[in-house]
>>> print(open('query_20.cif').read())   # mmCIF, C-alpha atoms
data_final
loop_
_atom_site.label_atom_id
_atom_site.label_comp_id
_atom_site.auth_asym_id
_atom_site.auth_seq_id
_atom_site.Cartn_x
_atom_site.Cartn_y
_atom_site.Cartn_z
CA MET A 4 201.64 -144.05 80.41
CA LYS A 5 202.31 -144.40 84.13
CA GLN A 6 200.78 -140.98 84.70
CA LYS A 7 197.64 -142.07 82.93
CA ASP A 8 197.38 -145.20 85.06
CA ASN A 9 197.79 -143.17 88.22
CA THR A 10 195.08 -140.80 87.10
CA LEU A 11 192.71 -143.62 86.27
CA ASN A 12 193.40 -145.24 89.63
CA SER A 13 192.66 -141.98 91.42
CA ILE A 14 189.37 -141.63 89.61
CA GLN A 15 188.50 -145.23 90.39
CA ASP A 16 189.26 -144.61 94.08
CA ILE A 17 187.10 -141.50 94.13
CA ARG A 18 184.20 -143.30 92.51
CA ASN A 19 184.40 -146.27 94.86
CA ILE A 20 184.55 -144.22 98.00
CA MET A 21 181.72 -141.94 96.93
CA GLU A 22 179.53 -144.92 96.18
CA LYS A 23 180.52 -146.79 99.33
CA SER A 24 179.86 -143.77 101.53
CA THR A 25 176.41 -143.01 100.12
CA LYS A 26 174.98 -146.39 99.16
CA PHE A 27 174.19 -149.46 101.18
CA SER A 28 175.31 -152.22 98.84
CA SER A 29 174.94 -155.25 101.10
CA LEU A 30 171.28 -155.72 100.24
CA SER A 31 170.88 -159.18 98.76
CA GLY A 32 168.42 -160.37 96.14
CA LEU A 33 168.05 -163.55 98.20
CA SER A 34 166.58 -161.42 101.00
CA PHE A 35 163.74 -160.34 98.75
CA ILE A 36 163.16 -163.85 97.43
CA ALA A 37 163.04 -165.34 100.93
CA ALA A 38 160.72 -162.61 102.23
CA GLY A 39 158.48 -163.13 99.20
CA ILE A 40 158.22 -166.87 99.85
CA VAL A 41 157.37 -166.25 103.51
CA ALA A 42 154.67 -163.76 102.47
CA THR A 43 153.14 -166.18 99.97
CA ILE A 44 152.95 -169.01 102.49
CA SER A 45 151.42 -166.62 104.98
CA ALA A 46 148.76 -165.53 102.49
CA LEU A 47 147.82 -169.16 101.85
CA PHE A 48 147.60 -169.69 105.58
CA ALA A 49 145.45 -166.57 106.06
CA ALA A 50 143.01 -167.81 103.43
CA TYR A 51 142.92 -171.21 105.13
CA THR A 52 142.12 -169.50 108.44
CA LEU A 53 138.99 -168.02 106.91
CA ASP A 54 138.02 -171.27 105.16
CA SER A 55 138.50 -169.76 101.74
CA ASN A 56 141.28 -169.30 99.21
CA ILE A 57 143.32 -166.32 98.08
CA LEU A 58 140.98 -165.43 95.22
CA THR A 59 137.69 -165.66 97.04
CA PHE A 60 138.97 -164.33 100.35
CA ASN A 61 136.83 -161.33 101.20
CA LEU A 62 136.94 -159.22 104.34
CA TYR A 63 133.49 -157.85 103.65
CA LYS A 64 132.15 -161.01 105.21
CA PRO A 65 131.91 -160.83 108.97
CA ILE A 66 134.61 -162.83 110.75
CA SER A 67 134.76 -164.17 114.27
CA ILE A 68 137.01 -162.75 116.96
CA GLU A 69 138.94 -165.99 116.94
CA GLN A 70 139.59 -165.69 113.21
CA LEU A 71 140.64 -162.06 113.67
CA TYR A 72 143.22 -163.03 116.28
CA LYS A 73 144.52 -165.75 113.99
CA LEU A 74 144.88 -163.25 111.16
CA ILE A 75 146.68 -160.69 113.32
CA GLY A 76 148.94 -163.39 114.76
CA ASN A 77 149.67 -164.62 111.26
CA GLY A 78 150.52 -161.08 110.17
CA ILE A 79 152.91 -160.51 113.07
CA ILE A 80 154.66 -163.87 112.62
CA THR A 81 155.01 -163.18 108.89
CA LEU A 82 156.54 -159.77 109.54
CA ILE A 83 159.05 -161.19 112.02
CA LEU A 84 159.93 -164.22 109.90
CA ALA A 85 160.30 -162.18 106.69
CA SER A 86 162.50 -159.63 108.48
CA VAL A 87 164.67 -162.37 109.96
CA VAL A 88 165.26 -164.20 106.66
CA ALA A 89 165.88 -160.89 104.86
CA TYR A 90 168.35 -159.90 107.57
CA ILE A 91 170.21 -163.21 107.40
CA PHE A 92 170.85 -163.04 103.64
CA THR A 93 171.88 -159.40 103.85
CA LYS A 94 174.21 -160.21 106.71
CA ILE A 95 175.83 -162.98 104.65
CA LYS A 96 176.35 -160.63 101.73
CA ALA A 97 177.76 -157.92 104.01
CA ALA A 98 180.24 -160.43 105.43
CA LYS A 99 181.28 -161.41 101.91
CA LEU A 100 181.80 -157.77 100.94
CA LYS A 101 183.44 -157.10 104.32
CA HIS A 102 180.98 -154.28 104.96
CA SER A 103 179.51 -153.44 108.32
CA LEU A 104 175.75 -153.58 108.77
CA ASN A 105 176.01 -150.83 111.35
CA SER A 106 177.14 -147.85 109.31
CA VAL A 107 175.84 -144.33 108.80
CA ILE A 108 174.26 -145.44 105.53
CA SER A 109 172.51 -148.51 106.90
CA ARG A 110 171.11 -146.45 109.76
CA HIS A 111 169.78 -143.85 107.30
CA LEU A 112 168.30 -146.64 105.19
CA PHE A 113 166.60 -148.22 108.17
CA LEU A 114 165.25 -144.93 109.51
CA HIS A 115 163.78 -143.89 106.18
CA LEU A 116 162.15 -147.29 105.76
CA ALA A 117 160.86 -147.36 109.32
CA ILE A 118 159.18 -143.95 109.53
CA PRO A 119 156.43 -144.51 106.91
CA LEU A 120 156.16 -148.18 107.88
CA LEU A 121 155.63 -147.50 111.58
CA THR A 122 153.23 -144.64 110.92
CA GLY A 123 151.25 -146.89 108.60
CA GLY A 124 151.37 -149.66 111.19
CA ILE A 125 149.86 -147.36 113.83
CA ILE A 126 147.10 -146.26 111.44
CA VAL A 127 146.33 -149.91 110.77
CA LEU A 128 146.26 -150.72 114.50
CA SER A 129 143.77 -147.89 115.01
CA LEU A 130 141.58 -149.32 112.22
CA ILE A 131 141.65 -152.77 113.79
CA TYR A 132 140.87 -151.17 117.16
CA HIS A 133 137.84 -149.45 115.64
CA GLY A 134 136.78 -152.67 113.98
CA ASN A 135 137.31 -151.43 110.45
CA LEU A 136 139.29 -154.17 108.77
CA VAL A 137 138.63 -153.49 105.16
CA LEU A 138 141.37 -150.86 104.69
CA VAL A 139 144.07 -152.78 106.58
CA ALA A 140 145.61 -154.62 103.63
CA PRO A 141 145.81 -151.71 101.17
CA LEU A 142 147.17 -149.34 103.84
CA LEU A 143 149.93 -151.78 104.78
CA LEU A 144 150.89 -152.10 101.11
CA ILE A 145 150.96 -148.30 100.84
CA SER A 146 153.04 -147.74 103.97
CA TYR A 147 155.54 -150.38 102.88
CA GLY A 148 155.68 -148.79 99.41
CA LEU A 149 156.31 -145.33 100.90
CA GLY A 150 159.02 -146.74 103.17
CA VAL A 151 160.80 -148.46 100.27
CA VAL A 152 160.61 -145.35 98.09
CA SER A 153 162.04 -143.15 100.83
CA ALA A 154 164.81 -145.66 101.64
CA SER A 155 165.70 -146.16 97.97
CA LYS A 156 168.11 -143.26 97.78
CA PHE A 157 170.42 -145.04 100.21
CA THR A 158 170.79 -148.22 98.19
CA HIS A 159 170.56 -149.49 94.62
CA ALA A 160 168.20 -147.13 92.82
CA GLU A 161 165.92 -149.80 91.32
CA ILE A 162 164.43 -150.42 94.76
CA PHE A 163 162.46 -147.25 94.07
CA TYR A 164 160.29 -149.14 91.58
CA LEU A 165 159.70 -151.97 94.03
CA GLY A 166 158.15 -149.31 96.29
CA ILE A 167 156.08 -147.86 93.44
CA ILE A 168 154.61 -151.29 92.59
CA HIS A 169 153.45 -151.69 96.21
CA LEU A 170 152.00 -148.18 96.20
CA VAL A 171 150.03 -148.90 93.01
CA LEU A 172 148.72 -152.22 94.38
CA GLY A 173 147.79 -150.48 97.64
CA CYS A 174 145.94 -147.69 95.83
CA ILE A 175 144.02 -150.25 93.76
CA GLY A 176 143.15 -151.97 97.02
CA LEU A 177 141.69 -148.76 98.45
CA PHE A 178 138.96 -148.96 95.83
CA ALA A 179 138.72 -152.68 95.14
CA LEU A 180 137.91 -153.28 98.80
CA GLY A 181 137.96 -156.79 100.12
CA ASN A 182 140.62 -157.97 97.66
CA GLY A 183 143.43 -157.40 100.11
CA LEU A 184 144.78 -160.91 100.16
CA ILE A 185 145.20 -161.28 96.41
CA LEU A 186 146.92 -157.85 96.30
CA TRP A 187 149.18 -158.87 99.19
CA THR A 188 150.12 -162.07 97.43
CA LEU A 189 150.88 -160.13 94.25
CA GLY A 190 152.85 -157.46 96.13
CA PHE A 191 154.61 -158.86 99.17
CA GLY A 192 154.79 -162.32 97.65
CA LEU A 193 155.15 -162.39 93.88
CA THR A 194 156.73 -158.95 93.35
CA HIS A 195 159.37 -159.66 96.00
CA ILE A 196 160.25 -163.01 94.48
CA ILE A 197 160.51 -161.69 90.90
CA TRP A 198 162.30 -158.56 92.07
CA GLY A 199 164.67 -160.60 94.17
CA ILE A 200 165.63 -162.79 91.22
CA TYR A 201 166.29 -159.73 89.05
CA PHE A 202 168.22 -158.06 91.88
CA TYR A 203 170.24 -161.17 92.57
CA LYS A 204 171.29 -161.52 88.93
CA LYS A 205 172.27 -157.89 88.72
CA HIS A 206 174.00 -157.22 92.05
CA ASP A 207 174.95 -160.45 93.83
CA MET B 14 201.02 -125.01 77.36
CA THR B 15 201.46 -125.98 80.98
CA LYS B 16 201.40 -129.67 81.55
CA PRO B 17 198.38 -130.46 83.75
CA ILE B 18 200.50 -132.82 85.81
CA LEU B 19 202.19 -129.76 87.27
CA LEU B 20 198.81 -128.39 88.27
CA LEU B 21 197.74 -131.43 90.27
CA ASN B 22 197.17 -130.49 93.87
CA LYS B 23 199.83 -132.12 96.02
CA ALA B 24 197.40 -132.21 98.93
CA PHE B 25 195.36 -134.90 97.17
CA GLU B 26 198.23 -137.08 96.04
CA ASN B 27 197.67 -139.50 98.88
CA ARG B 28 194.96 -142.13 98.53
CA ILE B 29 193.61 -141.54 102.03
CA ARG B 30 193.31 -137.80 101.55
CA LEU B 31 191.57 -138.40 98.26
CA GLY B 32 189.20 -140.75 100.08
CA ILE B 33 188.48 -138.24 102.84
CA MET B 34 187.67 -135.51 100.35
CA SER B 35 185.54 -137.81 98.15
CA THR B 36 183.49 -138.88 101.14
CA LEU B 37 182.93 -135.35 102.40
CA VAL B 38 181.91 -134.06 98.99
CA VAL B 39 178.91 -136.39 98.96
CA ASN B 40 178.11 -136.45 102.70
CA ASP B 41 177.36 -133.33 104.73
CA THR B 42 179.29 -134.54 107.74
CA MET B 43 181.26 -137.64 108.67
CA ASP B 44 182.66 -138.59 112.02
CA PHE B 45 186.09 -139.97 112.67
CA ASN B 46 185.05 -143.55 113.28
CA HIS B 47 183.00 -143.82 110.13
CA LEU B 48 185.79 -142.37 108.04
CA LYS B 49 188.10 -144.91 109.59
CA GLU B 50 185.74 -147.76 108.80
CA LEU B 51 185.10 -146.56 105.28
CA LEU B 52 188.73 -145.97 104.35
CA GLU B 53 190.07 -148.97 106.28
CA VAL B 54 192.95 -147.09 107.90
CA THR B 55 194.45 -146.87 111.37
CA ASP B 56 193.62 -144.08 113.82
CA GLY B 57 197.03 -142.43 113.63
CA ASN B 58 197.22 -142.55 109.87
CA LEU B 59 193.77 -141.07 109.41
CA ALA B 60 194.33 -138.40 112.06
CA SER B 61 197.53 -137.13 110.45
CA HIS B 62 195.86 -136.76 107.05
CA LEU B 63 192.83 -135.07 108.59
CA ILE B 64 195.09 -132.58 110.36
CA ALA B 65 196.93 -131.86 107.13
CA LEU B 66 193.68 -131.16 105.30
CA GLU B 67 192.39 -129.07 108.16
CA LYS B 68 195.58 -126.96 108.10
CA LEU B 69 194.96 -126.28 104.42
CA ASN B 70 191.51 -125.06 105.42
CA TYR B 71 189.83 -127.74 103.33
CA LEU B 72 187.95 -129.21 106.30
CA SER B 73 186.17 -127.79 109.30
CA VAL B 74 186.24 -129.80 112.49
CA GLU B 75 183.68 -129.98 115.26
CA LYS B 76 184.41 -131.71 118.54
CA ARG B 77 181.62 -132.78 120.83
CA PHE B 78 181.28 -135.01 123.82
CA ILE B 79 178.92 -137.94 123.77
CA GLY B 80 178.99 -139.02 127.40
CA LYS B 81 182.67 -139.14 128.18
CA LYS B 82 183.78 -139.95 124.66
CA THR B 83 184.81 -137.30 122.19
CA ASN B 84 183.04 -137.36 118.89
CA THR B 85 184.75 -135.47 116.10
CA THR B 86 182.85 -134.66 112.96
CA TYR B 87 184.29 -133.27 109.76
CA ARG B 88 182.75 -131.10 107.12
CA ILE B 89 184.18 -129.90 103.81
CA THR B 90 184.75 -126.12 103.52
CA SER B 91 183.89 -124.16 100.40
CA SER B 92 187.58 -123.75 99.59
CA GLY B 93 188.03 -127.49 100.08
CA LYS B 94 185.22 -128.22 97.67
CA GLU B 95 186.65 -125.79 95.16
CA ALA B 96 190.10 -127.36 95.39
CA PHE B 97 188.67 -130.86 95.01
CA VAL B 98 186.59 -129.93 91.97
CA GLN B 99 189.67 -128.31 90.44
CA HIS B 100 191.58 -131.51 91.14
CA LEU B 101 188.92 -133.55 89.32
CA ASN B 102 189.03 -131.18 86.37
CA ASN B 103 192.79 -131.57 86.19
CA LEU B 104 192.53 -135.36 86.30
CA GLU B 105 190.03 -135.17 83.49
CA GLU B 106 192.37 -133.02 81.44
CA ILE B 107 195.24 -135.45 81.91
CA ILE B 108 193.10 -138.27 80.61
CA ASN B 109 191.89 -136.27 77.66
CA GLN B 110 195.44 -135.39 76.69
CA THR B 111 196.83 -138.89 76.96
CA LEU B 112 194.02 -140.56 75.07
#
>>> encode(input="query_20.cif", output="structure tokens")
Amino acid sequence: MKQKDNTLNSIQDIRNIMEKSTKFSSLSGLSFIAAGIVATISALFAAYTLDSNILTFNLYKPISIEQLYKLIGNGIITLILASVVAYIFTKIKAAKLKHSLNSVISRHLFLHLAIPLLTGGIIVLSLIYHGNLVLVAPLLLISYGLGVVSASKFTHAEIFYLGIIHLVLGCIGLFALGNGLILWTLGFGLTHIIWGIYFYKKHD
Amino acid sequence: MTKPILLLNKAFENRIRLGIMSTLVVNDTMDFNHLKELLEVTDGNLASHLIALEKLNYLSVEKRFIGKKTNTTYRITSSGKEAFVQHLNNLEEIINQTL
């Protein structure tokens, strides 16, 4: 009987260490929920900037330079705020699990998220520079989706589908031009919140 | 029939060695500091087990300098992988027999 217990313990150890060394498990559902709330508020604010609402917001209409700056500023603040709240909740979970946020795995995760995201960001900057705003929203959804999909193999596998949802919304946006804000609210906002709740129940 | 307990590889009896091998089976390379962090062991303890596994030819070691600091990375050898898989098979057999 003792032999069997030893064997089971060994197998348990092997499993744990394999998982711990290949998966970043400090990701918190609360991070997604918080980022989703930030994104939703930001979408409401963006619509307000253009004197419209999320549903009727349409970038086909010409906008003033001042409005453009407000939108870009809003986007940057949203990105920073969402990253900060997501980081805080993940940091709290890491502390609870006594994991380090600076490990081989977390660096892989970050790198694989960042490469598509930064590339997409540069494409979007070039579009803004050339005055072509209509593809900005779908391309940001797509680059985020690609980043999440490529980072998903370093954390809980379901994240993969979070990426796919953003890719689908982005691809729809490529054709349904001018509906960027509603797609953003559905993706960055609603999907993150729902996903976060599911993730929190399952892993936190 | 030989009891599988007799076949269990003594090299993997220790929890830390088992941890080192498990990590290197699923990661191409691992450096000393990350192994230490992952397995939550002291420098000396980890080093002695790494040396033991290296002597058995289960690991290959690569030393580099990053600035003035040494950076040692470890990689599993094909014989190490073989021995570890055999060890897992034996564990499995023990469980099957005792169930």
>>> closest_residue(input="query_20.cif", among="B:Met43, B:Arg28, B:Asn103, B:Ala60", to="Glu75 of chain B", atoms="all atoms listed in the file")
B:Met43
>>> interface_residues(input="query_20.cif", of="chain B", to="chain A", cutoff="12 Å", atoms="all atoms listed in the file", output="compact mmCIF listing (two decimals) with C-alpha atoms, keeping the file's coordinate frame")
# COMPACT_ATOMS: atom_id res chain seq x y z
CA LYS B 16 201.40 -129.67 81.55
CA PRO B 17 198.38 -130.46 83.75
CA ILE B 18 200.50 -132.82 85.81
CA LEU B 19 202.19 -129.76 87.27
CA LEU B 21 197.74 -131.43 90.27
CA PHE B 25 195.36 -134.90 97.17
CA GLU B 26 198.23 -137.08 96.04
CA ASN B 27 197.67 -139.50 98.88
CA ARG B 28 194.96 -142.13 98.53
CA ILE B 29 193.61 -141.54 102.03
CA ARG B 30 193.31 -137.80 101.55
CA LEU B 31 191.57 -138.40 98.26
CA GLY B 32 189.20 -140.75 100.08
CA ILE B 33 188.48 -138.24 102.84
CA MET B 34 187.67 -135.51 100.35
CA SER B 35 185.54 -137.81 98.15
CA THR B 36 183.49 -138.88 101.14
CA LEU B 37 182.93 -135.35 102.40
CA VAL B 38 181.91 -134.06 98.99
CA VAL B 39 178.91 -136.39 98.96
CA ASN B 40 178.11 -136.45 102.70
CA ASP B 41 177.36 -133.33 104.73
CA THR B 42 179.29 -134.54 107.74
CA MET B 43 181.26 -137.64 108.67
CA ASP B 44 182.66 -138.59 112.02
CA PHE B 45 186.09 -139.97 112.67
CA ASN B 46 185.05 -143.55 113.28
CA HIS B 47 183.00 -143.82 110.13
CA LEU B 48 185.79 -142.37 108.04
CA LYS B 49 188.10 -144.91 109.59
CA GLU B 50 185.74 -147.76 108.80
CA LEU B 51 185.10 -146.56 105.28
CA LEU B 52 188.73 -145.97 104.35
CA GLU B 53 190.07 -148.97 106.28
CA PHE B 97 188.67 -130.86 95.01
CA VAL B 98 186.59 -129.93 91.97
CA HIS B 100 191.58 -131.51 91.14
CA LEU B 101 188.92 -133.55 89.32
CA ASN B 102 189.03 -131.18 86.37
CA ASN B 103 192.79 -131.57 86.19
CA LEU B 104 192.53 -135.36 86.30
CA GLU B 105 190.03 -135.17 83.49
CA GLU B 106 192.37 -133.02 81.44
CA ILE B 107 195.24 -135.45 81.91
CA ILE B 108 193.10 -138.27 80.61
CA ASN B 109 191.89 -136.27 77.66
CA GLN B 110 195.44 -135.39 76.69
CA THR B 111 196.83 -138.89 76.96
CA LEU B 112 194.02 -140.56 75.07
>>> residues_around(input="query_20.cif", residues="Thr90 of chain B", least_positions_apart="4", cutoff="8 Å", atoms="all atoms listed in the file", output="number ranges by chain")
B: 70-73, 94
>>> residues_near_point(input="query_20.cif", point="(141.9, -157.9, 95.0)", cutoff="9 Å", atoms="all atoms listed in the file", output="ChimeraX atom specification")
/A:58,60-61,172,175-176,179-187
>>> axis_aligned_box(input="query_20.cif", around="segment 89-100 of chain A", padding_each_side="8 Å", output="lines of an AutoDock Vina configuration file")
center_x = 173.8
center_y = -160.5
center_z = 104.3
size_x = 31.9
size_y = 21.4
size_z = 22.6
>>> atom_distance(input="query_20.cif", atom1="atom CA of Phe157 of chain A", atom2="atom CA of Lys26 of chain A")
4.9 Å
>>> residues_around(input="query_20.cif", residues="segment 39-43 of chain A", least_positions_apart="3", cutoff="12 Å", atoms="all atoms listed in the file", output="ChimeraX atom specification")
/A:32-36,46-50,57,77-89,184-200
>>> atom_distance(input="query_20.cif", atom1="atom CA of Ile95 of chain A", atom2="atom CA of Asp207 of chain A")
11.1 Å
>>> atom_distance(input="query_20.cif", atom1="atom CA of Tyr90 of chain A", atom2="atom CA of Leu71 of chain A")
28.5 Å
>>> residues_around(input="query_20.cif", residues="Val151 of chain A", least_positions_apart="5", cutoff="12 Å", atoms="all atoms listed in the file", output="compact mmCIF listing (two decimals) with C-alpha atoms, in the frame of the given file")
# COMPACT_ATOMS: atom_id res chain seq x y z
CA LEU A 112 168.30 -146.64 105.19
CA PHE A 113 166.60 -148.22 108.17
CA LEU A 114 165.25 -144.93 109.51
CA HIS A 115 163.78 -143.89 106.18
CA LEU A 116 162.15 -147.29 105.76
CA ALA A 117 160.86 -147.36 109.32
CA ILE A 118 159.18 -143.95 109.53
CA PRO A 119 156.43 -144.51 106.91
CA LEU A 120 156.16 -148.18 107.88
CA LEU A 144 150.89 -152.10 101.11
CA ILE A 145 150.96 -148.30 100.84
CA SER A 146 153.04 -147.74 103.97
CA LYS A 156 168.11 -143.26 97.78
CA PHE A 157 170.42 -145.04 100.21
CA THR A 158 170.79 -148.22 98.19
CA HIS A 159 170.56 -149.49 94.62
CA ALA A 160 168.20 -147.13 92.82
CA GLU A 161 165.92 -149.80 91.32
CA ILE A 162 164.43 -150.42 94.76
CA PHE A 163 162.46 -147.25 94.07
CA TYR A 164 160.29 -149.14 91.58
CA LEU A 165 159.70 -151.97 94.03
CA GLY A 166 158.15 -149.31 96.29
CA ILE A 167 156.08 -147.86 93.44
CA ILE A 168 154.61 -151.29 92.59
CA HIS A 169 153.45 -151.69 96.21
CA LEU A 170 152.00 -148.18 96.20
>>> decode(input="query_20.cif", residues="segment 71-90 of chain A", atoms="N, CA, C and O atoms", output="tab-separated table (two decimals), in the first residue's frame")
chain	number	residue	atom	x	y	z
A	71	LEU	N	-10.51	63.66	-33.57
A	71	LEU	CA	-9.55	62.58	-33.83
A	71	LEU	C	-8.57	62.45	-32.68
A	71	LEU	O	-8.31	61.37	-32.18
A	72	TYR	N	-8.03	63.60	-32.24
A	72	TYR	CA	-7.08	63.57	-31.12
A	72	TYR	C	-7.72	63.00	-29.87
A	72	TYR	O	-7.11	62.24	-29.14
A	73	LYS	N	-8.99	63.42	-29.66
A	73	LYS	CA	-9.70	62.90	-28.48
A	73	LYS	C	-9.84	61.38	-28.55
A	73	LYS	O	-9.65	60.68	-27.55
A	74	LEU	N	-10.16	60.89	-29.75
A	74	LEU	CA	-10.33	59.44	-29.92
A	74	LEU	C	-9.02	58.70	-29.69
A	74	LEU	O	-8.97	57.67	-29.00
A	75	ILE	N	-7.94	59.23	-30.26
A	75	ILE	CA	-6.64	58.58	-30.09
A	75	ILE	C	-6.22	58.61	-28.62
A	75	ILE	O	-5.77	57.60	-28.06
A	76	GLY	N	-6.41	59.77	-28.00
A	76	GLY	CA	-6.08	59.90	-26.58
A	76	GLY	C	-6.89	58.91	-25.74
A	76	GLY	O	-6.35	58.21	-24.87
A	77	ASN	N	-8.16	58.82	-26.05
A	77	ASN	CA	-9.04	57.88	-25.36
A	77	ASN	C	-8.53	56.45	-25.52
A	77	ASN	O	-8.44	55.69	-24.55
A	78	GLY	N	-8.13	56.12	-26.76
A	78	GLY	CA	-7.62	54.77	-27.03
A	78	GLY	C	-6.38	54.46	-26.21
A	78	GLY	O	-6.26	53.39	-25.62
A	79	ILE	N	-5.46	55.44	-26.17
A	79	ILE	CA	-4.20	55.20	-25.45
A	79	ILE	C	-4.46	55.07	-23.94
A	79	ILE	O	-3.93	54.16	-23.29
A	80	ILE	N	-5.30	55.96	-23.41
A	80	ILE	CA	-5.61	55.88	-21.97
A	80	ILE	C	-6.28	54.55	-21.64
A	80	ILE	O	-5.95	53.90	-20.64
A	81	THR	N	-7.20	54.12	-22.53
A	81	THR	CA	-7.87	52.84	-22.30
A	81	THR	C	-6.88	51.70	-22.24
A	81	THR	O	-6.92	50.85	-21.35
A	82	LEU	N	-5.95	51.69	-23.22
A	82	LEU	CA	-4.96	50.62	-23.28
A	82	LEU	C	-4.14	50.59	-21.99
A	82	LEU	O	-3.95	49.52	-21.39
A	83	ILE	N	-3.69	51.76	-21.55
A	83	ILE	CA	-2.85	51.81	-20.35
A	83	ILE	C	-3.65	51.38	-19.12
A	83	ILE	O	-3.22	50.51	-18.35
A	84	LEU	N	-4.86	51.94	-18.99
A	84	LEU	CA	-5.68	51.63	-17.82
A	84	LEU	C	-6.05	50.15	-17.76
A	84	LEU	O	-5.95	49.50	-16.71
A	85	ALA	N	-6.45	49.61	-18.93
A	85	ALA	CA	-6.84	48.19	-18.98
A	85	ALA	C	-5.63	47.30	-18.63
A	85	ALA	O	-5.77	46.32	-17.89
A	86	SER	N	-4.45	47.66	-19.15
A	86	SER	CA	-3.26	46.87	-18.85
A	86	SER	C	-2.94	46.93	-17.36
A	86	SER	O	-2.58	45.92	-16.76
A	87	VAL	N	-3.07	48.13	-16.78
A	87	VAL	CA	-2.74	48.29	-15.37
A	87	VAL	C	-3.68	47.47	-14.48
A	87	VAL	O	-3.23	46.71	-13.62
A	88	VAL	N	-5.00	47.58	-14.73
A	88	VAL	CA	-5.93	46.81	-13.88
A	88	VAL	C	-5.72	45.30	-14.08
A	88	VAL	O	-5.75	44.53	-13.11
A	89	ALA	N	-5.49	44.89	-15.34
A	89	ALA	CA	-5.25	43.46	-15.60
A	89	ALA	C	-4.00	42.99	-14.87
A	89	ALA	O	-3.98	41.92	-14.26
A	90	TYR	N	-2.97	43.83	-14.89
A	90	TYR	CA	-1.71	43.49	-14.23
A	90	TYR	C	-1.90	43.35	-12.72
A	90	TYR	O	-1.42	42.41	-12.11
